[in-house]
file upload_13.csv (CSV, C-alpha atoms)
chain,number,residue,atom,x,y,z
I,1,MET,CA,2.8,-30.1,-2.4
I,2,SER,CA,4.5,-29.2,0.8
I,3,TYR,CA,3.2,-30.4,4.1
I,4,GLU,CA,3.2,-28.5,7.4
I,5,GLY,CA,3.5,-29.7,11.0
I,6,PRO,CA,5.8,-32.0,12.9
I,7,PHE,CA,5.7,-34.7,10.2
I,8,GLY,CA,5.7,-32.4,7.2
I,9,ASP,CA,9.3,-33.3,6.3
I,10,LEU,CA,8.4,-37.0,6.3
I,11,LEU,CA,5.3,-36.5,4.2
I,12,ASP,CA,7.3,-34.4,1.7
I,13,ALA,CA,10.0,-37.1,1.5
I,14,ASN,CA,7.3,-39.7,1.0
I,15,GLU,CA,5.8,-37.8,-1.9
I,16,ARG,CA,9.2,-37.8,-3.7
I,17,TYR,CA,9.7,-41.5,-2.9
I,18,ALA,CA,6.3,-42.5,-4.2
I,19,ARG,CA,6.9,-40.8,-7.5
I,20,ASP,CA,9.5,-43.4,-8.5
I,21,PHE,CA,8.2,-46.3,-6.4
I,22,ALA,CA,9.3,-49.5,-8.0
I,23,ASP,CA,8.6,-52.2,-5.3
I,24,ALA,CA,4.9,-52.7,-6.0
I,25,GLY,CA,5.6,-56.2,-7.2
I,26,LEU,CA,7.2,-57.5,-4.0
I,27,THR,CA,5.3,-60.0,-1.9
I,28,GLY,CA,5.4,-60.3,1.9
I,29,GLN,CA,7.7,-63.3,1.6
I,30,ALA,CA,11.4,-63.0,2.7
I,31,ALA,CA,13.0,-63.5,-0.7
I,32,LYS,CA,16.4,-64.5,0.9
I,33,GLY,CA,14.7,-66.6,3.6
I,34,LEU,CA,16.2,-64.3,6.3
I,35,ALA,CA,15.0,-62.6,9.4
I,36,VAL,CA,17.4,-60.1,11.1
I,37,VAL,CA,16.9,-59.2,14.8
I,38,THR,CA,18.7,-55.9,15.4
I,39,CYS,CA,18.7,-52.8,17.4
I,40,MET,CA,16.6,-49.7,16.8
I,41,ASP,CA,19.8,-47.6,16.6
I,42,SER,CA,19.5,-45.3,13.5
I,43,ARG,CA,23.1,-46.0,12.6
I,44,ILE,CA,22.2,-49.5,11.5
I,45,ASP,CA,21.0,-50.0,7.9
I,46,PRO,CA,20.5,-53.8,8.0
I,47,LEU,CA,19.6,-54.3,4.4
I,48,ARG,CA,22.5,-52.3,3.0
I,49,LEU,CA,25.2,-53.7,5.4
I,50,LEU,CA,24.2,-57.3,4.5
I,51,GLY,CA,24.0,-56.6,0.8
I,52,LEU,CA,20.3,-57.0,0.6
I,53,GLU,CA,17.4,-55.2,-1.0
I,54,ALA,CA,13.8,-54.5,-0.1
I,55,GLY,CA,11.9,-57.7,0.0
I,56,ASP,CA,14.9,-59.9,0.9
I,57,ALA,CA,14.5,-60.1,4.7
I,58,LYS,CA,12.3,-59.5,7.6
I,59,ILE,CA,13.8,-56.9,9.9
I,60,LEU,CA,12.8,-57.0,13.6
I,61,ARG,CA,14.1,-54.1,15.7
I,62,ASN,CA,14.1,-53.2,19.4
I,63,ALA,CA,16.3,-51.6,22.0
I,64,GLY,CA,19.4,-53.8,22.3
I,65,ALA,CA,18.5,-56.3,19.6
I,66,ARG,CA,17.1,-58.6,22.3
I,67,VAL,CA,15.1,-61.8,21.6
I,68,THR,CA,11.9,-60.9,23.6
I,69,ASP,CA,8.6,-62.8,23.7
I,70,ASP,CA,7.4,-60.5,20.9
I,71,VAL,CA,10.4,-61.3,18.7
I,72,LEU,CA,9.7,-65.0,19.2
I,73,ARG,CA,6.1,-64.5,18.3
I,74,THR,CA,7.1,-62.6,15.2
I,75,LEU,CA,9.6,-65.2,14.2
I,76,VAL,CA,7.0,-67.9,14.4
I,77,LEU,CA,4.9,-65.9,11.9
I,78,ALA,CA,8.0,-65.2,9.7
I,79,VAL,CA,9.0,-68.8,9.6
I,80,TYR,CA,5.6,-70.4,8.9
I,81,LEU,CA,3.9,-67.7,6.9
I,82,LEU,CA,6.6,-65.6,5.3
I,83,GLY,CA,9.4,-67.9,4.1
I,84,VAL,CA,12.1,-67.4,6.7
I,85,ASP,CA,14.5,-70.3,7.2
I,86,ARG,CA,17.4,-68.5,8.9
I,87,VAL,CA,17.7,-65.9,11.6
I,88,LEU,CA,20.6,-63.5,12.3
I,89,VAL,CA,20.7,-61.8,15.7
I,90,MET,CA,22.8,-58.7,15.3
I,91,PRO,CA,23.4,-56.3,18.2
I,92,HIS,CA,26.0,-53.6,17.7
I,93,THR,CA,28.9,-51.8,19.3
I,94,ASP,CA,28.4,-48.5,21.2
I,95,CYS,CA,24.8,-49.6,22.2
I,96,ARG,CA,23.1,-47.6,25.0
I,97,MET,CA,21.6,-50.8,26.3
I,98,SER,CA,25.1,-52.2,26.9
I,99,LYS,CA,26.2,-49.2,28.9
I,100,SER,CA,23.5,-49.3,31.6
I,101,THR,CA,21.6,-51.7,33.9
I,102,ASP,CA,17.8,-51.7,34.1
I,103,GLU,CA,18.1,-50.1,37.5
I,104,ASP,CA,20.2,-47.2,35.9
I,105,VAL,CA,17.5,-46.6,33.3
I,106,HIS,CA,14.7,-46.7,35.8
I,107,ARG,CA,16.6,-44.2,38.0
I,108,LEU,CA,17.5,-41.9,35.1
I,109,VAL,CA,13.9,-41.7,33.7
I,110,ALA,CA,12.5,-41.1,37.2
I,111,GLU,CA,15.0,-38.4,38.1
I,112,LYS,CA,14.9,-36.6,34.8
I,113,TYR,CA,11.3,-37.0,33.8
I,114,GLY,CA,9.4,-38.1,36.9
I,115,VAL,CA,8.2,-41.3,35.3
I,116,ASP,CA,8.2,-44.6,37.3
I,117,THR,CA,9.2,-47.3,34.8
I,118,ARG,CA,9.9,-50.1,37.3
I,119,SER,CA,7.2,-52.3,35.9
I,120,LEU,CA,9.1,-52.5,32.6
I,121,ASP,CA,12.0,-54.8,31.8
I,122,PHE,CA,14.4,-52.9,29.5
I,123,HIS,CA,16.6,-56.0,28.8
I,124,THR,CA,19.8,-54.1,29.2
I,125,VAL,CA,23.0,-55.9,28.2
I,126,PRO,CA,25.8,-55.9,30.7
I,127,ASP,CA,27.7,-58.5,28.7
I,128,GLN,CA,26.9,-58.2,25.0
I,129,ARG,CA,28.5,-61.4,23.9
I,130,GLU,CA,26.8,-63.4,26.6
I,131,ALA,CA,23.4,-61.8,25.9
I,132,LEU,CA,23.8,-62.6,22.2
I,133,LEU,CA,24.6,-66.3,22.9
I,134,HIS,CA,21.6,-66.4,25.3
I,135,ASP,CA,19.3,-65.0,22.6
I,136,ILE,CA,20.5,-67.4,20.0
I,137,THR,CA,19.9,-70.3,22.4
I,138,ARG,CA,16.5,-68.9,23.2
I,139,ILE,CA,15.5,-69.0,19.5
I,140,ARG,CA,17.0,-72.5,19.0
I,141,ALA,CA,15.1,-73.8,22.0
I,142,TYR,CA,11.8,-72.2,21.3
I,143,PRO,CA,9.3,-75.1,21.0
I,144,TYR,CA,7.2,-73.3,18.2
I,145,LEU,CA,10.2,-73.0,15.9
I,146,PRO,CA,11.5,-75.8,13.7
I,147,ARG,CA,14.8,-77.5,14.8
I,148,GLU,CA,16.2,-77.1,11.3
I,149,LEU,CA,15.9,-73.3,11.5
I,150,HIS,CA,19.4,-71.8,11.0
I,151,VAL,CA,20.2,-69.3,13.8
I,152,GLY,CA,23.4,-67.3,14.0
I,153,GLY,CA,24.7,-64.1,15.5
I,154,GLY,CA,27.2,-61.4,15.2
I,155,VAL,CA,28.0,-57.9,16.5
I,156,TYR,CA,27.8,-55.1,14.1
I,157,ASP,CA,30.6,-52.5,14.6
I,158,VAL,CA,29.0,-49.0,14.0
I,159,HIS,CA,32.4,-47.5,13.6
I,160,SER,CA,33.8,-49.8,10.9
I,161,GLY,CA,30.7,-51.2,9.3
I,162,ARG,CA,31.9,-54.7,9.9
I,163,LEU,CA,29.8,-57.6,11.1
I,164,MET,CA,31.8,-59.7,13.6
I,165,PRO,CA,30.5,-63.2,13.7
I,166,VAL,CA,30.0,-64.7,17.2
I,167,GLU,CA,28.2,-67.9,16.3
I,168,MET,CA,27.3,-68.6,12.7
call {"tool": "encode", "arguments": {"input": "upload_13.csv", "output": "structure tokens"}}
result
Amino acid sequence: MSYEGPFGDLLDANERYARDFADAGLTGQAAKGLAVVTCMDSRIDPLRLLGLEAGDAKILRNAGARVTDDVLRTLVLAVYLLGVDRVLVMPHTDCRMSKSTDEDVHRLVAEKYGVDTRSLDFHTVPDQREALLHDITRIRAYPYLPRELHVGGGVYDVHSGRLMPVEM
């Protein structure tokens, strides 16, 4: 079967994937007890770069790998319901969020597309290391997460494939 339309390529690929699907026995638990907070950048393959497989970890992605309120909410669920006992915060080099300020992004979107985004906080990262340390501290200090939760962070280099530990 071949699908048409803007998602046809994805549906075709899914048909091929489903033919040999072997992960039906996995549960929703994080088999390695890990949650990874990383960027939405498509150059990052978090499972493969950490030597993991499907079912091993919970992957939380957003622009800039920032620990937002929604990430904290999701970590609470991951810890108490899905077997997570350690969290790795992993931003990356060459990130668009580290090359702009929120004001830059607001101005660019307004000028190029005519959309006023000033009500949004994009969580841009002027100092990636400082932002990473802030986000690690935010998780550690969050009152709904257990004190014994292991939290660490490192910057993934998209050009070398190496994870550079910052605090682990």
call {"tool": "residues_around", "arguments": {"input": "upload_13.csv", "residues": "Arg118 of chain I", "least_positions_apart": "5", "cutoff": "10 Å", "atoms": "all atoms listed in the file", "output": "PDB file with C-alpha atoms, in the frame of the given file"}}
result
ATOM      1  CA  ASP I 102      17.800 -51.700  34.100  1.00  0.00           C
ATOM      2  CA  GLU I 103      18.100 -50.100  37.500  1.00  0.00           C
ATOM      3  CA  VAL I 105      17.500 -46.600  33.300  1.00  0.00           C
ATOM      4  CA  HIS I 106      14.700 -46.700  35.800  1.00  0.00           C
ATOM      5  CA  ARG I 107      16.600 -44.200  38.000  1.00  0.00           C
ATOM      6  CA  VAL I 109      13.900 -41.700  33.700  1.00  0.00           C
ATOM      7  CA  ALA I 110      12.500 -41.100  37.200  1.00  0.00           C
TER       8      ALA I 110
END
call {"tool": "atom_distance", "arguments": {"input": "upload_13.csv", "atom1": "atom CA of Thr68 of chain I", "atom2": "atom CA of Leu88 of chain I"}}
result
14.5 Å
call {"tool": "residues_around", "arguments": {"input": "upload_13.csv", "residues": "Thr101 of chain I", "least_positions_apart": "5", "cutoff": "8 Å", "atoms": "only C-alpha atoms", "output": "JSON, numbers by chain"}}
result
{"I": [124, 125, 126]}
call {"tool": "atom_distance", "arguments": {"input": "upload_13.csv", "atom1": "atom CA of Val67 of chain I", "atom2": "atom CA of Pro143 of chain I"}}
result
14.5 Å
call {"tool": "closest_residue", "arguments": {"input": "upload_13.csv", "among": "I:Ser119, I:Ser98, I:Gln128, I:Thr74", "to": "Tyr144 of chain I", "atoms": "only C-alpha atoms"}}
result
I:Thr74
call {"tool": "atom_distance", "arguments": {"input": "upload_13.csv", "atom1": "atom CA of Gln29 of chain I", "atom2": "atom CA of Val76 of chain I"}}
result
13.6 Å
call {"tool": "residues_around", "arguments": {"input": "upload_13.csv", "residues": "segment 89-93 of chain I", "least_positions_apart": "6", "cutoff": "8 Å", "atoms": "all atoms listed in the file", "output": "VMD selection string"}}
result
chain I and resid 36 to 39 64 to 66 128 132 135 to 136 151 to 159
call {"tool": "closest_residue", "arguments": {"input": "upload_13.csv", "among": "I:Met1, I:Val115, I:Leu26, I:Val87", "to": "Ala13 of chain I", "atoms": "all atoms listed in the file"}}
result
I:Met1
call {"tool": "residues_around", "arguments": {"input": "upload_13.csv", "residues": "Gly28 of chain I", "least_positions_apart": "2", "cutoff": "12 Å", "atoms": "all atoms listed in the file", "output": "list in words"}}
result
Asp23, Ala24, Gly25, Leu26, Ala30, Ala31, Lys32, Gly33, Ala54, Gly55, Asp56, Ala57, Lys58, Leu77, Ala78, Leu81, Leu82, Gly83 and Val84 of chain I
call {"tool": "closest_residue", "arguments": {"input": "upload_13.csv", "among": "I:Tyr80, I:Tyr3, I:Tyr113, I:Tyr142", "to": "Glu15 of chain I", "atoms": "only C-alpha atoms"}}
result
I:Tyr3
call {"tool": "closest_residue", "arguments": {"input": "upload_13.csv", "among": "I:Leu149, I:Ala131, I:Ala63, I:Ala35", "to": "Leu50 of chain I", "atoms": "all atoms listed in the file"}}
result
I:Ala35
